[in-house]
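Colleague: Can you keep this structure in mind? I'll have questions shortly.
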Amino acid sequence: MVDSTLAEMGKNLNEAMKLLEDNQRKVEEEHEKKYTRKDIPGPLQGSGQDMVSILQLVQNLMHGDEDEESLQSYRLQNVGEKGHMALLGHSLAAYISVLDRERLRKLTTRILSDTTLWLCRLFRFENGSAYYHEDDREGVLKICRLVIHSRYEDYTTEGFNVLYSKQPVIYVSSAARSGLGQSLCNQLGLPLSCMCHVPCNTMFGSQHQMDVALLDRLIKEDIESGKLPILLVANAGTPGAGHTDKLGRLKELCEQHSMWLHVEGVNLATLALGYVSSSVLTATKCDSMTLTLGPWLGLPAVPAVTLYRHEDPSLSLAAGLTSSQAVDKLRALPLWLSLQYLGHNGIVERIKHASHLSQRLLENLKNQDFIKTSVEDELSSPVVVFKFSPEYPHKDSDPMLQATQIPPMTGNERYICDTFNQWLGDQLAQLVPASGVDIVELEDEGTCVRFSPLMTSAVLGTEVQDVDQLVECLKMKVPVLTCTLQLREEFEHQVRRTLGLAFVEDLTWPGLGVIRYEGQNEDQQEKDREKINAGLLKKLNELESDLVFSLGPEFGGEKNCIYIGMATEDLDVSELVETIAATGREIEENSRLLENMTEVVRKGIEEAQVQLQKANEERLLEEGLLRQIPVVGSVLNWFSPFHASPKGQTFNLTAGSLESTESTYASKAQGSGTTPPPTPTSSRNKQRLPGQKRFRRSLRNSDAFSETSSVSHADDLDRGEPRWPSASPAGQEASPDPVEPSEPLAPDTTGEKPPTPAGADVTPPEPEIIISWDTYTTGMNLARAKKLPM
């Protein structure tokens, strides 16, 4: 029978996990108003809250950001029942800690011995002890303390005095994880001179393996100088490329100089498989190793394990590898439950599945052009590191493709290649998030894309179809990278020879290039240039094209620039540069015209005010002072009207001046009604087929478009029948085709003019004349004589 308390605890844990994993449940409006700012802690309620409310608050804090909601929910959904066992272990550890001391001692001893035995058999580490720790660096730290206690007999009583007389030396590979050596020195209270970083091979073997010959020379030099070599940290799978050091030779060297050999790395997971490479199998003969079972098996919140061999338990207790506190031994409880739930077959199956994924990706990358892999062993490498390299076409690829390959890169081109690989890694991680690919910086290879399923597949649930999707996305992105790299030089040449444009060299931008519109005026202010480039960017984004125009990185060094993204092989670089320059000039001219017009209008208004004031003064002198008096002026105007020719004035916005309206009343031109000739199309605008986007040239071998089809289509448009000139009155549409009347038109009885047949000679009427008001009578007689409409 199961204890009722344990059963209730498991039930409560299941209910809590279901509530936290339910991402579709929306928070009520009142609750949202109550927790508008979740980052500001509120007062502790006196009456307390129920469990559902507290868990709801935890869920809101976990999924407060909308951008991270999908990622977090995806990871929670992959926890599964196996992960629930690990989470249950933390709850049981708190419950077991309240037992009486004797029961607690028996229970913790059983849990610790079972877990240690299972792990030693599973990873082939015979007669080993285990230390369980939360921080994966804590294991090697405790091992260092154990070695110091073993090599310095008086260290327990003398402390640092014995270290001062004979300084210890710890050797770490230069390919180890960053900060490991400094962290060890800080925790041990040793100077940084006690840490020696061993370079990797530069002539023979892998570029990520420790140089054994150089290590031997360094050890001998340290011994001659009075130092004591005590520990060597080797890698069975470097953090970057996943390569394994030559553990066999390193073990011989450590035995020769009485040094401790500690091994860590992701490749240690393959020790649980039936077939293990000889380089990794040698790790079982080392003195200690650190295992990170959490990411390997997809178990959340389980501790890392350091297996070691040592005969003196008192030194292990002094170094902190063992503890007399029963509560500390409960760290192994989550792992104890998870290992039993998975079983031996379940553990091996997960590791085997991750190895199969890496082998499948590696096989597909072998036949991929311009992809270079950095793999130590193609048969059993659990980590695949690859990069885009234009110098690396496949040996069996098309000869035409090899002929057009990019020449070897030197200097800044290597930085550009690293930038392109950074973009490639970001794209693959975004398109196939379940693959778990990330970006890694290697000393010799530069920026690469890393696929390490042992560290990600169990958590993300990576399957074979995810790897196939990753390969398909890679096949789509590699041609884009190749074409963009080939067109960058042509784009730079076109920009530098175009007036008004400046090419900005930015090696960190993954795209066609960076430009800035400088304008025709060299004395232009930076603020005006910023406005022009902002308007140019807006205009370019409104064009229908496949290119992406942006302001570049948020924290980029270049300002007021336009960053152009990746390009395809059908990009017409000359048309792109010409369009950018023409659009920039248009924006600059419009802004200059607006500024000039504003200044002219302002000055014109001031001058008009002066002229109006003079006109008022002249009118005052001409009419007399008496006519300005309200009562007297009205009586005087009644008996003696003042006859003055009315003169109007108008303000010309174009000229910015005040003009008289006499010319307007003197004559008036009548429109002929003919349609103005069409504006000729610029020869720079190329004919595009329907649906064809901007900046795309026709490919010779394309099924959709070709140069011949585009030219013939343009000729057909040029040979089209011209439209007949319009002879209809204003406001009426002319017939597009000439129509011959079959019979004479009837005379017009309505007073309206009959429509003129198409093709007839149309003579525009003379402009009618409007006479000024002071000669109105003469104008009437003149109008009757000429029979002109008034």
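Simple scheme: letters A, B, ... for chains in structure tokens order, numbers from 1 for residues in each chain, numbers from 1 for ligands in the order shown.
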Please return, as a CSV table (one decimal) with N, CA and C atoms, in the first residue's frame, all residues of region 211-429 of chain A that DSSP assigns to alpha helix (DSSP H) on the basis of the backbone.
Modeller:
chain,number,residue,atom,x,y,z
A,212,VAL,N,49.8,17.1,-27.4
A,212,VAL,CA,50.4,16.3,-26.3
A,212,VAL,C,51.9,16.6,-26.2
A,213,ALA,N,52.6,16.7,-27.3
A,213,ALA,CA,54.0,17.0,-27.2
A,213,ALA,C,54.3,18.3,-26.6
A,214,LEU,N,53.5,19.3,-26.9
A,214,LEU,CA,53.7,20.6,-26.2
A,214,LEU,C,53.4,20.6,-24.7
A,215,LEU,N,52.3,19.8,-24.4
A,215,LEU,CA,52.0,19.6,-23.0
A,215,LEU,C,53.1,18.9,-22.2
A,216,ASP,N,53.7,17.9,-22.8
A,216,ASP,CA,54.9,17.3,-22.1
A,216,ASP,C,56.0,18.3,-21.9
A,217,ARG,N,56.3,19.1,-22.9
A,217,ARG,CA,57.3,20.1,-22.7
A,217,ARG,C,57.0,21.1,-21.6
A,218,LEU,N,55.7,21.5,-21.5
A,218,LEU,CA,55.3,22.5,-20.5
A,218,LEU,C,55.4,21.9,-19.1
A,219,ILE,N,55.0,20.6,-19.0
A,219,ILE,CA,55.1,20.0,-17.7
A,219,ILE,C,56.5,19.9,-17.2
A,220,LYS,N,57.4,19.5,-18.1
A,220,LYS,CA,58.9,19.4,-17.7
A,220,LYS,C,59.4,20.8,-17.3
A,221,GLU,N,59.0,21.8,-18.0
A,221,GLU,CA,59.5,23.2,-17.7
A,221,GLU,C,59.0,23.6,-16.3
A,222,ASP,N,57.8,23.3,-16.0
A,222,ASP,CA,57.2,23.6,-14.7
A,222,ASP,C,57.9,22.9,-13.6
A,223,ILE,N,58.2,21.6,-13.8
A,223,ILE,CA,58.9,20.8,-12.8
A,223,ILE,C,60.3,21.4,-12.5
A,224,GLU,N,61.0,21.8,-13.6
A,224,GLU,CA,62.3,22.3,-13.5
A,224,GLU,C,62.3,23.7,-12.7
A,247,LEU,N,43.0,10.8,-25.4
A,247,LEU,CA,43.0,10.5,-24.0
A,247,LEU,C,44.0,9.4,-23.7
A,248,GLY,N,44.3,8.5,-24.6
A,248,GLY,CA,45.2,7.4,-24.3
A,248,GLY,C,46.6,8.0,-24.0
A,249,ARG,N,47.1,8.9,-24.9
A,249,ARG,CA,48.4,9.4,-24.7
A,249,ARG,C,48.4,10.4,-23.5
A,250,LEU,N,47.3,11.1,-23.3
A,250,LEU,CA,47.3,12.0,-22.1
A,250,LEU,C,47.3,11.2,-20.8
A,251,LYS,N,46.6,10.0,-20.8
A,251,LYS,CA,46.7,9.2,-19.6
A,251,LYS,C,48.1,8.7,-19.3
A,252,GLU,N,48.8,8.3,-20.3
A,252,GLU,CA,50.2,7.8,-20.1
A,252,GLU,C,51.1,9.0,-19.6
A,253,LEU,N,50.8,10.2,-20.1
A,253,LEU,CA,51.6,11.3,-19.7
A,253,LEU,C,51.3,11.7,-18.2
A,254,CYS,N,50.0,11.5,-17.8
A,254,CYS,CA,49.6,11.8,-16.4
A,254,CYS,C,50.2,10.8,-15.5
A,255,GLU,N,50.2,9.5,-15.9
A,255,GLU,CA,50.8,8.5,-15.0
A,255,GLU,C,52.3,8.7,-14.8
A,256,GLN,N,53.0,9.2,-15.9
A,256,GLN,CA,54.4,9.5,-15.8
A,256,GLN,C,54.8,10.6,-14.8
A,278,SER,N,37.1,4.3,-30.0
A,278,SER,CA,38.3,4.0,-29.2
A,278,SER,C,38.7,5.2,-28.4
A,279,SER,N,38.6,6.4,-29.1
A,279,SER,CA,39.1,7.6,-28.4
A,279,SER,C,38.2,7.9,-27.2
A,280,VAL,N,36.9,7.7,-27.3
A,280,VAL,CA,36.0,8.0,-26.2
A,280,VAL,C,36.1,6.9,-25.1
A,281,LEU,N,36.3,5.7,-25.6
A,281,LEU,CA,36.3,4.5,-24.6
A,281,LEU,C,37.5,4.6,-23.6
A,293,LEU,N,23.6,14.6,-17.3
A,293,LEU,CA,22.5,13.8,-17.7
A,293,LEU,C,21.2,14.5,-18.0
A,294,GLY,N,21.0,15.7,-17.5
A,294,GLY,CA,19.8,16.5,-17.7
A,294,GLY,C,19.5,16.7,-19.2
A,295,PRO,N,20.4,17.4,-19.9
A,295,PRO,CA,20.2,17.6,-21.4
A,295,PRO,C,20.3,16.4,-22.2
A,296,TRP,N,21.1,15.4,-21.8
A,296,TRP,CA,21.2,14.2,-22.6
A,296,TRP,C,19.9,13.4,-22.6
A,297,LEU,N,19.3,13.3,-21.5
A,297,LEU,CA,18.0,12.5,-21.4
A,297,LEU,C,16.8,13.4,-21.4
A,313,PRO,N,38.5,7.7,2.0
A,313,PRO,CA,37.2,8.5,2.2
A,313,PRO,C,37.4,9.8,3.0
A,314,SER,N,38.4,9.8,3.9
A,314,SER,CA,38.5,11.0,4.7
A,314,SER,C,38.9,12.2,3.8
A,315,LEU,N,39.8,12.0,2.8
A,315,LEU,CA,40.2,13.1,1.9
A,315,LEU,C,39.0,13.5,1.1
A,316,SER,N,38.1,12.5,0.7
A,316,SER,CA,36.9,12.9,-0.1
A,316,SER,C,36.0,13.7,0.7
A,317,LEU,N,35.9,13.4,2.1
A,317,LEU,CA,35.1,14.2,2.9
A,317,LEU,C,35.7,15.6,3.1
A,318,ALA,N,37.0,15.7,3.2
A,318,ALA,CA,37.7,17.0,3.4
A,318,ALA,C,37.5,17.8,2.1
A,319,ALA,N,37.5,17.2,1.0
A,319,ALA,CA,37.4,17.9,-0.3
A,319,ALA,C,36.0,18.3,-0.6
A,326,ALA,N,22.6,14.0,5.8
A,326,ALA,CA,21.7,13.2,5.0
A,326,ALA,C,20.9,14.0,4.0
A,327,VAL,N,20.7,15.3,4.3
A,327,VAL,CA,19.9,16.1,3.4
A,327,VAL,C,20.7,16.3,2.1
A,328,ASP,N,22.0,16.4,2.2
A,328,ASP,CA,22.8,16.6,1.0
A,328,ASP,C,22.8,15.4,0.1
A,329,LYS,N,22.6,14.2,0.7
A,329,LYS,CA,22.6,13.0,-0.1
A,329,LYS,C,21.3,12.9,-0.9
A,333,LEU,N,18.0,12.1,-5.4
A,333,LEU,CA,16.6,11.5,-5.5
A,333,LEU,C,15.9,11.8,-6.8
A,334,PRO,N,15.9,13.0,-7.4
A,334,PRO,CA,15.3,13.1,-8.7
A,334,PRO,C,15.9,12.2,-9.8
A,335,LEU,N,17.2,12.1,-9.8
A,335,LEU,CA,17.9,11.2,-10.8
A,335,LEU,C,17.6,9.7,-10.5
A,336,TRP,N,17.4,9.4,-9.2
A,336,TRP,CA,17.1,8.0,-8.8
A,336,TRP,C,15.7,7.6,-9.4
A,337,LEU,N,14.7,8.5,-9.2
A,337,LEU,CA,13.4,8.3,-9.8
A,337,LEU,C,13.4,8.2,-11.3
A,338,SER,N,14.1,9.1,-12.0
A,338,SER,CA,14.1,9.2,-13.4
A,338,SER,C,14.8,8.0,-14.1
A,339,LEU,N,15.9,7.6,-13.5
A,339,LEU,CA,16.6,6.4,-14.1
A,339,LEU,C,15.7,5.2,-14.0
A,340,GLN,N,15.0,5.0,-12.9
A,340,GLN,CA,14.1,3.9,-12.8
A,340,GLN,C,12.9,4.0,-13.7
A,341,TYR,N,12.4,5.2,-13.9
A,341,TYR,CA,11.3,5.3,-14.8
A,341,TYR,C,11.7,5.1,-16.3
A,342,LEU,N,12.9,5.5,-16.7
A,342,LEU,CA,13.3,5.3,-18.1
A,342,LEU,C,13.8,3.9,-18.3
A,343,GLY,N,14.5,3.3,-17.3
A,343,GLY,CA,15.1,2.0,-17.5
A,343,GLY,C,16.4,2.1,-18.4
A,344,HIS,N,17.1,1.0,-18.4
A,344,HIS,CA,18.3,0.9,-19.2
A,344,HIS,C,18.0,1.1,-20.7
A,345,ASN,N,17.0,0.4,-21.2
A,345,ASN,CA,16.7,0.5,-22.6
A,345,ASN,C,16.2,2.0,-23.0
A,346,GLY,N,15.5,2.6,-22.1
A,346,GLY,CA,15.0,4.0,-22.4
A,346,GLY,C,16.2,5.0,-22.5
A,347,ILE,N,17.1,4.8,-21.6
A,347,ILE,CA,18.3,5.7,-21.6
A,347,ILE,C,19.1,5.5,-22.8
A,348,VAL,N,19.4,4.2,-23.2
A,348,VAL,CA,20.2,3.9,-24.4
A,348,VAL,C,19.5,4.4,-25.6
A,349,GLU,N,18.2,4.3,-25.7
A,349,GLU,CA,17.4,4.6,-26.8
A,349,GLU,C,17.5,6.2,-27.1
A,350,ARG,N,17.4,6.9,-26.0
A,350,ARG,CA,17.5,8.4,-26.2
A,350,ARG,C,18.9,8.8,-26.8
A,351,ILE,N,19.9,8.2,-26.2
A,351,ILE,CA,21.2,8.6,-26.7
A,351,ILE,C,21.5,8.1,-28.1
A,352,LYS,N,20.9,6.9,-28.4
A,352,LYS,CA,21.1,6.3,-29.8
A,352,LYS,C,20.3,7.2,-30.8
A,353,HIS,N,19.1,7.7,-30.4
A,353,HIS,CA,18.3,8.5,-31.3
A,353,HIS,C,19.1,9.8,-31.6
A,354,ALA,N,19.7,10.4,-30.6
A,354,ALA,CA,20.5,11.7,-30.9
A,354,ALA,C,21.7,11.4,-31.8
A,355,SER,N,22.4,10.3,-31.6
A,355,SER,CA,23.5,9.9,-32.5
A,355,SER,C,23.0,9.7,-33.9
A,356,HIS,N,21.8,9.1,-34.1
A,356,HIS,CA,21.3,8.8,-35.4
A,356,HIS,C,21.0,10.1,-36.1
A,357,LEU,N,20.5,11.1,-35.4
A,357,LEU,CA,20.1,12.4,-36.0
A,357,LEU,C,21.4,13.1,-36.5
A,358,SER,N,22.5,13.0,-35.8
A,358,SER,CA,23.7,13.7,-36.2
A,358,SER,C,24.3,13.0,-37.4
A,359,GLN,N,24.2,11.6,-37.5
A,359,GLN,CA,24.7,10.9,-38.6
A,359,GLN,C,23.9,11.2,-39.9
A,360,ARG,N,22.6,11.3,-39.7
A,360,ARG,CA,21.7,11.6,-40.9
A,360,ARG,C,22.0,13.0,-41.4
A,361,LEU,N,22.2,14.0,-40.6
A,361,LEU,CA,22.6,15.3,-41.1
A,361,LEU,C,23.9,15.3,-41.8
A,362,LEU,N,24.9,14.6,-41.2
A,362,LEU,CA,26.2,14.5,-41.8
A,362,LEU,C,26.2,13.9,-43.2
A,363,GLU,N,25.4,12.8,-43.3
A,363,GLU,CA,25.3,12.2,-44.7
A,363,GLU,C,24.8,13.1,-45.7
A,364,ASN,N,23.8,13.9,-45.3
A,364,ASN,CA,23.2,14.9,-46.3
A,364,ASN,C,24.1,16.0,-46.6
A,365,LEU,N,25.0,16.4,-45.6
A,365,LEU,CA,25.9,17.5,-45.9
A,365,LEU,C,27.0,17.2,-46.8
A,366,LYS,N,27.3,15.9,-46.9
A,366,LYS,CA,28.4,15.5,-47.7
A,366,LYS,C,28.2,15.8,-49.2
A,399,PRO,N,30.7,20.7,-63.4
A,399,PRO,CA,31.9,21.4,-63.7
A,399,PRO,C,31.6,22.9,-64.0
A,400,MET,N,30.4,23.2,-64.5
A,400,MET,CA,30.0,24.6,-64.7
A,400,MET,C,30.0,25.3,-63.4
A,401,LEU,N,29.5,24.7,-62.4
A,401,LEU,CA,29.4,25.3,-61.1
A,401,LEU,C,30.7,25.5,-60.5
A,402,GLN,N,31.6,24.6,-60.7
A,402,GLN,CA,33.0,24.7,-60.2
A,402,GLN,C,33.7,25.9,-60.9
A,403,ALA,N,33.4,26.0,-62.2
A,403,ALA,CA,34.0,27.1,-63.0
A,403,ALA,C,33.6,28.5,-62.5
A,412,ASN,N,39.5,40.8,-45.7
A,412,ASN,CA,38.1,41.2,-45.2
A,412,ASN,C,37.1,40.2,-45.7
A,413,GLU,N,37.4,39.4,-46.8
A,413,GLU,CA,36.4,38.5,-47.3
A,413,GLU,C,36.1,37.4,-46.3
A,414,ARG,N,37.0,37.1,-45.4
A,414,ARG,CA,36.8,36.1,-44.4
A,414,ARG,C,35.8,36.6,-43.4
A,415,TYR,N,35.9,37.9,-43.1
A,415,TYR,CA,35.0,38.5,-42.1
A,415,TYR,C,33.6,38.5,-42.8
A,416,ILE,N,33.5,38.7,-44.1
A,416,ILE,CA,32.2,38.7,-44.7
A,416,ILE,C,31.6,37.3,-44.7
A,417,CYS,N,32.5,36.3,-44.9
A,417,CYS,CA,32.0,34.9,-44.8
A,417,CYS,C,31.5,34.5,-43.4
A,418,ASP,N,32.1,35.0,-42.4
A,418,ASP,CA,31.7,34.8,-41.0
A,418,ASP,C,30.3,35.5,-40.8
A,419,THR,N,30.1,36.7,-41.4
A,419,THR,CA,28.9,37.4,-41.3
A,419,THR,C,27.8,36.6,-42.0
A,420,PHE,N,28.1,36.0,-43.1
A,420,PHE,CA,27.1,35.2,-43.9
A,420,PHE,C,26.7,34.0,-43.1
A,421,ASN,N,27.7,33.3,-42.4
A,421,ASN,CA,27.4,32.2,-41.6
A,421,ASN,C,26.6,32.5,-40.4
A,422,GLN,N,26.8,33.7,-39.9
A,422,GLN,CA,25.9,34.2,-38.7
A,422,GLN,C,24.5,34.3,-39.2
A,423,TRP,N,24.3,34.9,-40.4
A,423,TRP,CA,22.9,35.0,-40.9
A,423,TRP,C,22.3,33.6,-41.2
A,424,LEU,N,23.2,32.7,-41.8
A,424,LEU,CA,22.7,31.4,-42.1
A,424,LEU,C,22.2,30.6,-40.8
A,425,GLY,N,23.0,30.7,-39.7
A,425,GLY,CA,22.6,30.1,-38.5
A,425,GLY,C,21.4,30.7,-37.9
A,426,ASP,N,21.2,32.0,-38.0
A,426,ASP,CA,20.0,32.6,-37.5
A,426,ASP,C,18.8,32.2,-38.3
A,427,GLN,N,18.9,32.1,-39.6
A,427,GLN,CA,17.8,31.7,-40.5
A,427,GLN,C,17.4,30.2,-40.2
A,428,LEU,N,18.4,29.3,-40.1
A,428,LEU,CA,18.1,27.9,-39.8
A,428,LEU,C,17.4,27.7,-38.5
A,429,ALA,N,17.9,28.4,-37.4
A,429,ALA,CA,17.3,28.3,-36.1
A,429,ALA,C,15.9,28.9,-36.1
Colleague: Could you state the separation of CA of Gln209 (chain A) and CA of Val172 (chain A) in Å, given to one decimal place?
Modeller: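 Between CA of Gln209 (chain A) and CA of Val172 (chain A) the gap is 11.6 Å.
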Colleague: Can you pull out the residues contacting region 376-391 of chain A? Cut-off 6 Å, using only C-alpha atoms, and skip same-chain residues under 6 positions away; I want them as a JSON list (two decimals) with C-alpha atoms, in the first residue's frame.
Modeller:
[["chain", "number", "residue", "atom", "x", "y", "z"],
["A", 242, "GLY", "CA", 32.82, 18.35, -30.24],
["A", 243, "HIS", "CA", 36.29, 16.82, -30.79],
["A", 355, "SER", "CA", 23.48, 9.94, -32.49],
["A", 358, "SER", "CA", 23.70, 13.68, -36.23],
["A", 370, "PHE", "CA", 29.72, 25.11, -50.65],
["A", 406, "ILE", "CA", 34.32, 32.35, -56.09],
["A", 408, "PRO", "CA", 39.85, 31.96, -52.53],
["A", 448, "CYS", "CA", 30.01, 28.04, -37.82],
["A", 449, "VAL", "CA", 26.63, 26.42, -37.32],
["A", 450, "ARG", "CA", 26.52, 23.62, -34.75],
["A", 451, "PHE", "CA", 24.07, 20.74, -34.50],
["A", 452, "SER", "CA", 24.40, 18.89, -31.18]]
Colleague: Might you pull out every residue within 10 Å of Asp135 (chain A), with only C-alpha atoms counted and same-chain residues fewer than 6 positions away left off, and present them as a VMD selection string?
Modeller: chain A and resid 292 303 to 305
Colleague: As a ChimeraX atom specification, list the residues of region 171-301 of chain A assigned to strand (DSSP E or B) by DSSP on the backbone atoms of this structure.
Modeller: /A:171-173,195-198,200,210,228-236,244,260-264,288-291
Colleague: Output C-alpha atoms of each residue in that selection to a file, as a compact mmCIF listing (two decimals), in the first residue's frame.
Modeller:
# COMPACT_ATOMS: atom_id res chain seq x y z
CA TYR A 171 46.48 22.28 -17.11
CA VAL A 172 43.43 23.08 -19.22
CA SER A 173 43.02 22.87 -22.99
CA MET A 195 46.55 27.83 -14.49
CA CYS A 196 48.25 26.74 -17.73
CA HIS A 197 46.31 26.76 -21.00
CA VAL A 198 47.65 24.14 -23.40
CA CYS A 200 45.81 22.71 -29.61
CA MET A 210 45.30 19.25 -27.17
CA LEU A 228 54.08 20.83 -8.95
CA PRO A 229 51.76 19.65 -11.79
CA ILE A 230 48.70 18.16 -10.13
CA LEU A 231 45.72 18.03 -12.56
CA LEU A 232 44.90 17.89 -16.28
CA VAL A 233 41.37 18.66 -17.56
CA ALA A 234 40.78 16.93 -20.93
CA ASN A 235 37.79 17.00 -23.30
CA ALA A 236 35.74 14.14 -24.69
CA THR A 244 37.94 14.42 -28.34
CA TRP A 260 45.21 13.43 -12.03
CA LEU A 261 43.27 13.19 -15.33
CA HIS A 262 39.73 14.57 -15.40
CA VAL A 263 37.52 14.28 -18.50
CA GLU A 264 34.32 16.11 -19.45
CA SER A 288 37.28 11.16 -12.92
CA MET A 289 34.61 12.35 -15.36
CA THR A 290 31.63 14.71 -15.25
CA LEU A 291 28.28 13.65 -16.74
Colleague: I want to know what sits within 8 Å of region 525-533 of chain A, based on only C-alpha atoms, with residues of the same chain fewer than 2 positions away left out; could you give that as a CSV table (one decimal) with C-alpha atoms, in the first residue's frame?
Modeller:
chain,number,residue,atom,x,y,z
A,516,ARG,CA,24.2,56.4,-48.3
A,517,TYR,CA,22.7,59.1,-50.5
A,518,GLU,CA,25.1,62.0,-50.2
A,519,GLY,CA,23.2,64.4,-52.6
A,523,ASP,CA,27.6,71.5,-47.9
A,535,GLY,CA,12.4,59.3,-47.3
A,536,LEU,CA,14.5,57.2,-49.7
A,537,LEU,CA,14.2,54.1,-47.5
A,560,ASN,CA,21.8,57.6,-42.2
A,561,CYS,CA,22.5,54.5,-44.3
A,562,ILE,CA,20.3,52.1,-46.3
A,584,GLY,CA,17.2,60.1,-54.1
A,587,ILE,CA,13.4,63.5,-53.0
A,588,GLU,CA,16.2,66.0,-52.7
